[in-house]
Amino acid sequence: MVTRPLSCFLPILLFCAISAKAGDVDLLISFKNSLPDPNMLSNWNRTHAVCQFQGITCKSGHVSSLMIHDLPLTADFSLVSTYILPLPNLQTLTLHSTNITGSISKPTNCTVKLKELDIFNNGLHGSVSDAVSLADSCRSLQSLNLSDNFIGQAFHSFPSISLRIKMLDLSYNNIVSNSDIQWLFSNLGLLKYLDLSNNNIQGTIPDGLVNCTNLNWISLESNRLTGSIPNWIGRLQKLVVLVLRNNSFTGMIPPELGNCKGLDRCHKNWGG
């Protein structure tokens with residue numbers, strides 16, 4: 001077998017490393033060029049190293065985080081799905097108040113390393129099942145924040161999946177259907193934090209919540225929930241924060257809740 005000195009392979013190794021980094025650059029610049037105003041991200045160009053791009057953080061020379069706040073990108077979510085979510089080493093994506101609009105579509109190529117996805121205060125619309133499908137597409141996702149959008153249109157089919165995420169924030173949306181929430185509760189076995197406050201959820205608290213045995217924090221504040229507070233809520237042993245105020249509950253506080261012993265915070269003005 002003929003052996004070659006390592007120096008023969010160095011140019012090839014160097015080319016491979018550069019090519020890997022160029023993939024990040026190509027995706028980011030393609031996203032920028034798709035915006036109505038590409039000058040919005042002025043230093044996203046090939047004269048700057050990708051790790052110097054606005055909002056970018058790198059690990060080992062690769063894009064690991066993209067965080068942009070209060071910048072009117074005016075992009076459809078399909079552009080985020082096409083150019084940002086496939087970044088191979090992306091772990092955190094935060095787009096706060098950036099005018100991301102359009103329907104939540106299921107990404108076909110979401111990086112397996114993405115753990116946190118935060119698209120708070122934008123113009124996204126879709127159903128609860130669309131939000132769940134998005135979470136399911138990003139296989140390592142642990143935290144999803146879609147608060148203050150327009151999520152909540154009716155849907156007619158329930159995906160047969162079990163969510164792995166631990167934090168879900170769908171507050172300040174347009175969720176109305178109690179059946180949507182029943183389905184969510186039945187598929188959130190690993191969830192620790194759930195915020196469904198400031199929607200328009202109607203009816204009673206769905207029985208499916210009893211399946212959320214890992215919940216530490218839950219808010220159903222400022223909805224249109226009625227009926228009595230179920231006794232089994234007091235049996236959620238890991239729950240430390242329970243927020244139910246500004247609803248229209250009737251009846252007595254369940255004895256299982258007592259004085260909210262075991263809870264760090266328990267808002268008891270259930271009826272408003």
# chains A, B, ... in the order shown; residues from 1 in each chain; ligands from 1
call {"tool": "closest_atom_pairs", "arguments": {"of": "region 168-232 of chain A", "to": "region 130-149 of chain A", "cutoff": "12 Å", "atoms": "only C-alpha atoms", "output": "JSON lines"}}
result
{"residue": "A:Leu168", "atom": "CA", "partner": "A:Leu144", "partner_atom": "CA", "distance": 5.1}
{"residue": "A:Asp169", "atom": "CA", "partner": "A:Asn145", "partner_atom": "CA", "distance": 4.7}
{"residue": "A:Leu170", "atom": "CA", "partner": "A:Ser147", "partner_atom": "CA", "distance": 4.6}
{"residue": "A:Ser171", "atom": "CA", "partner": "A:Ser147", "partner_atom": "CA", "distance": 4.8}
{"residue": "A:Tyr172", "atom": "CA", "partner": "A:Asp148", "partner_atom": "CA", "distance": 4.5}
{"residue": "A:Asn173", "atom": "CA", "partner": "A:Asn149", "partner_atom": "CA", "distance": 5.4}
{"residue": "A:Asn174", "atom": "CA", "partner": "A:Asn149", "partner_atom": "CA", "distance": 8.0}
{"residue": "A:Ile175", "atom": "CA", "partner": "A:Asn149", "partner_atom": "CA", "distance": 10.5}
{"residue": "A:Asp180", "atom": "CA", "partner": "A:Val132", "partner_atom": "CA", "distance": 10.9}
{"residue": "A:Ile181", "atom": "CA", "partner": "A:Val132", "partner_atom": "CA", "distance": 11.7}
{"residue": "A:Trp183", "atom": "CA", "partner": "A:Val132", "partner_atom": "CA", "distance": 10.6}
{"residue": "A:Leu184", "atom": "CA", "partner": "A:Val132", "partner_atom": "CA", "distance": 8.6}
{"residue": "A:Phe185", "atom": "CA", "partner": "A:Val132", "partner_atom": "CA", "distance": 11.9}
{"residue": "A:Asn187", "atom": "CA", "partner": "A:Val132", "partner_atom": "CA", "distance": 9.8}
{"residue": "A:Leu188", "atom": "CA", "partner": "A:Val132", "partner_atom": "CA", "distance": 10.3}
{"residue": "A:Leu190", "atom": "CA", "partner": "A:Gln142", "partner_atom": "CA", "distance": 9.6}
{"residue": "A:Leu191", "atom": "CA", "partner": "A:Gln142", "partner_atom": "CA", "distance": 8.9}
{"residue": "A:Lys192", "atom": "CA", "partner": "A:Ser143", "partner_atom": "CA", "distance": 10.1}
{"residue": "A:Tyr193", "atom": "CA", "partner": "A:Ser143", "partner_atom": "CA", "distance": 9.1}
{"residue": "A:Leu194", "atom": "CA", "partner": "A:Asn145", "partner_atom": "CA", "distance": 10.0}
{"residue": "A:Asp195", "atom": "CA", "partner": "A:Ser147", "partner_atom": "CA", "distance": 8.7}
{"residue": "A:Leu196", "atom": "CA", "partner": "A:Ser147", "partner_atom": "CA", "distance": 8.8}
{"residue": "A:Ser197", "atom": "CA", "partner": "A:Ser147", "partner_atom": "CA", "distance": 9.5}
{"residue": "A:Asn198", "atom": "CA", "partner": "A:Asp148", "partner_atom": "CA", "distance": 9.2}
{"residue": "A:Asn199", "atom": "CA", "partner": "A:Asp148", "partner_atom": "CA", "distance": 9.7}
call {"tool": "select_by_dssp", "arguments": {"residues": "region 80-228 of chain A", "states": "strand (DSSP E or B)", "output": "PyMOL selection string"}}
result
chain A and resi 92-96+100-103+116-118+123-126+143-145+150-151+167-169+193-195+202-203+217-219+224-227
call {"tool": "write_last_selection", "arguments": {"atoms": "N, CA and C atoms", "output": "short mmCIF file (atom, residue, chain, number, x, y, z; two decimals), in the first residue's frame"}}
result
data_model
loop_
_atom_site.label_atom_id
_atom_site.label_comp_id
_atom_site.auth_asym_id
_atom_site.auth_seq_id
_atom_site.Cartn_x
_atom_site.Cartn_y
_atom_site.Cartn_z
N THR A 92 -30.12 27.74 18.18
CA THR A 92 -31.08 28.72 18.67
C THR A 92 -31.44 29.69 17.55
N LEU A 93 -32.75 29.87 17.35
CA LEU A 93 -33.24 30.86 16.38
C LEU A 93 -34.27 31.74 17.08
N THR A 94 -33.96 33.03 17.16
CA THR A 94 -34.85 34.00 17.80
C THR A 94 -35.12 35.13 16.82
N LEU A 95 -36.39 35.34 16.49
CA LEU A 95 -36.81 36.42 15.60
C LEU A 95 -37.94 37.17 16.28
N HIS A 96 -37.60 38.03 17.24
CA HIS A 96 -38.60 38.80 17.99
C HIS A 96 -39.02 40.03 17.20
N ILE A 100 -42.28 38.67 10.63
CA ILE A 100 -42.34 37.39 9.92
C ILE A 100 -43.81 37.03 9.77
N THR A 101 -44.25 36.84 8.55
CA THR A 101 -45.67 36.62 8.28
C THR A 101 -45.87 35.30 7.54
N GLY A 102 -47.12 35.04 7.19
CA GLY A 102 -47.44 33.87 6.40
C GLY A 102 -47.84 32.68 7.25
N SER A 103 -48.13 31.60 6.57
CA SER A 103 -48.59 30.39 7.23
C SER A 103 -47.43 29.59 7.78
N GLU A 116 -33.99 25.59 20.30
CA GLU A 116 -34.86 26.69 20.70
C GLU A 116 -35.31 27.47 19.47
N LEU A 117 -36.62 27.63 19.33
CA LEU A 117 -37.20 28.39 18.21
C LEU A 117 -38.17 29.40 18.80
N ASP A 118 -37.88 30.68 18.60
CA ASP A 118 -38.65 31.76 19.23
C ASP A 118 -39.01 32.77 18.15
N GLY A 123 -46.46 37.99 12.60
CA GLY A 123 -47.76 37.88 11.94
C GLY A 123 -48.04 36.50 11.42
N LEU A 124 -47.56 35.48 12.11
CA LEU A 124 -47.77 34.11 11.67
C LEU A 124 -49.21 33.67 11.91
N HIS A 125 -49.72 32.84 11.03
CA HIS A 125 -51.05 32.30 11.23
C HIS A 125 -51.05 30.82 10.89
N GLY A 126 -52.02 30.13 11.42
CA GLY A 126 -52.13 28.69 11.22
C GLY A 126 -52.89 28.09 12.38
N SER A 143 -37.78 23.89 22.95
CA SER A 143 -38.52 25.10 23.33
C SER A 143 -39.08 25.77 22.08
N LEU A 144 -40.40 26.02 22.08
CA LEU A 144 -41.07 26.68 20.96
C LEU A 144 -41.92 27.82 21.49
N ASN A 145 -41.63 29.03 21.03
CA ASN A 145 -42.38 30.22 21.43
C ASN A 145 -42.99 30.86 20.19
N PHE A 150 -51.02 34.83 15.30
CA PHE A 150 -52.43 34.60 14.96
C PHE A 150 -52.71 33.10 14.84
N ILE A 151 -52.10 32.33 15.74
CA ILE A 151 -52.28 30.89 15.73
C ILE A 151 -53.65 30.56 16.33
N MET A 167 -40.92 23.12 26.53
CA MET A 167 -41.46 24.46 26.75
C MET A 167 -42.27 24.86 25.53
N LEU A 168 -43.55 25.23 25.73
CA LEU A 168 -44.42 25.66 24.64
C LEU A 168 -45.17 26.91 25.06
N ASP A 169 -45.03 27.97 24.28
CA ASP A 169 -45.71 29.24 24.56
C ASP A 169 -46.57 29.60 23.36
N TYR A 193 -43.24 23.43 30.80
CA TYR A 193 -43.73 24.81 30.82
C TYR A 193 -44.75 24.97 29.70
N LEU A 194 -45.95 25.45 30.05
CA LEU A 194 -47.00 25.64 29.05
C LEU A 194 -47.73 26.94 29.31
N ASP A 195 -47.75 27.83 28.32
CA ASP A 195 -48.45 29.11 28.44
C ASP A 195 -49.50 29.20 27.34
N GLN A 202 -62.57 28.25 25.10
CA GLN A 202 -63.90 28.15 25.71
C GLN A 202 -64.12 26.77 26.32
N GLY A 203 -65.11 26.69 27.19
CA GLY A 203 -65.49 25.41 27.79
C GLY A 203 -64.74 25.15 29.08
N TRP A 217 -45.03 24.42 35.32
CA TRP A 217 -45.59 25.78 35.17
C TRP A 217 -46.67 25.74 34.10
N ILE A 218 -47.85 26.24 34.44
CA ILE A 218 -48.92 26.32 33.44
C ILE A 218 -49.76 27.56 33.68
N SER A 219 -50.10 28.25 32.59
CA SER A 219 -51.00 29.39 32.66
C SER A 219 -52.12 29.24 31.64
N ARG A 224 -61.70 32.02 28.26
CA ARG A 224 -63.16 32.02 28.50
C ARG A 224 -63.58 30.68 29.09
N LEU A 225 -62.74 30.15 29.96
CA LEU A 225 -63.01 28.85 30.57
C LEU A 225 -64.12 28.97 31.61
N THR A 226 -64.93 27.93 31.67
CA THR A 226 -66.08 27.92 32.58
C THR A 226 -66.09 26.61 33.36
N GLY A 227 -67.14 26.44 34.17
CA GLY A 227 -67.30 25.21 34.93
C GLY A 227 -66.42 25.20 36.17
#
call {"tool": "closest_residue", "arguments": {"among": "A:Asp24, A:Asn109, A:Gln52, A:Thr213", "to": "Asn89 (chain A)", "atoms": "only C-alpha atoms"}}
result
A:Asp24
call {"tool": "select_by_dssp", "arguments": {"residues": "region 11-228 of chain A", "states": "helix (DSSP H, G or I)", "output": "count of residues only"}}
result
62
call {"tool": "atom_distance", "arguments": {"atom1": "CA of Asn246 (chain A)", "atom2": "CA of Ile104 (chain A)"}}
result
29.3 Å
call {"tool": "closest_residue", "arguments": {"among": "A:Gln237, A:Ser78, A:Ser42, A:Ser228", "to": "Pro107 (chain A)", "atoms": "only C-alpha atoms"}}
result
A:Ser78
call {"tool": "residues_around", "arguments": {"residues": "Thr98 (chain A)", "least_positions_apart": "4", "cutoff": "12 Å", "atoms": "only C-alpha atoms", "output": "list in words"}}
result
Leu35, Met40, Met67, Ile68, His69, Asp70, Leu71, Pro72, Leu73, Thr74, Ala75, Asp76, Phe77, Val80, Thr94, Asp118, Ile119, Phe120, Asn121, Asn122, Gly123, Leu124 and Asn149 of chain A
call {"tool": "closest_residue", "arguments": {"among": "A:Phe53, A:Tyr83, A:Trp44, A:Phe249", "to": "Ile229 (chain A)", "atoms": "only C-alpha atoms"}}
result
A:Phe249
call {"tool": "residues_around", "arguments": {"residues": "Ala49 (chain A)", "least_positions_apart": "2", "cutoff": "12 Å", "atoms": "only C-alpha atoms", "output": "PyMOL selection string"}}
result
chain A and resi 18+21-22+24-25+28-29+43-47+51-54+56-58+61-63
call {"tool": "atom_distance", "arguments": {"atom1": "CA of Cys110 (chain A)", "atom2": "CA of Ser129 (chain A)"}}
result
17.5 Å
call {"tool": "atom_distance", "arguments": {"atom1": "CA of Ser222 (chain A)", "atom2": "CA of Arg245 (chain A)"}}
result
6.5 Å
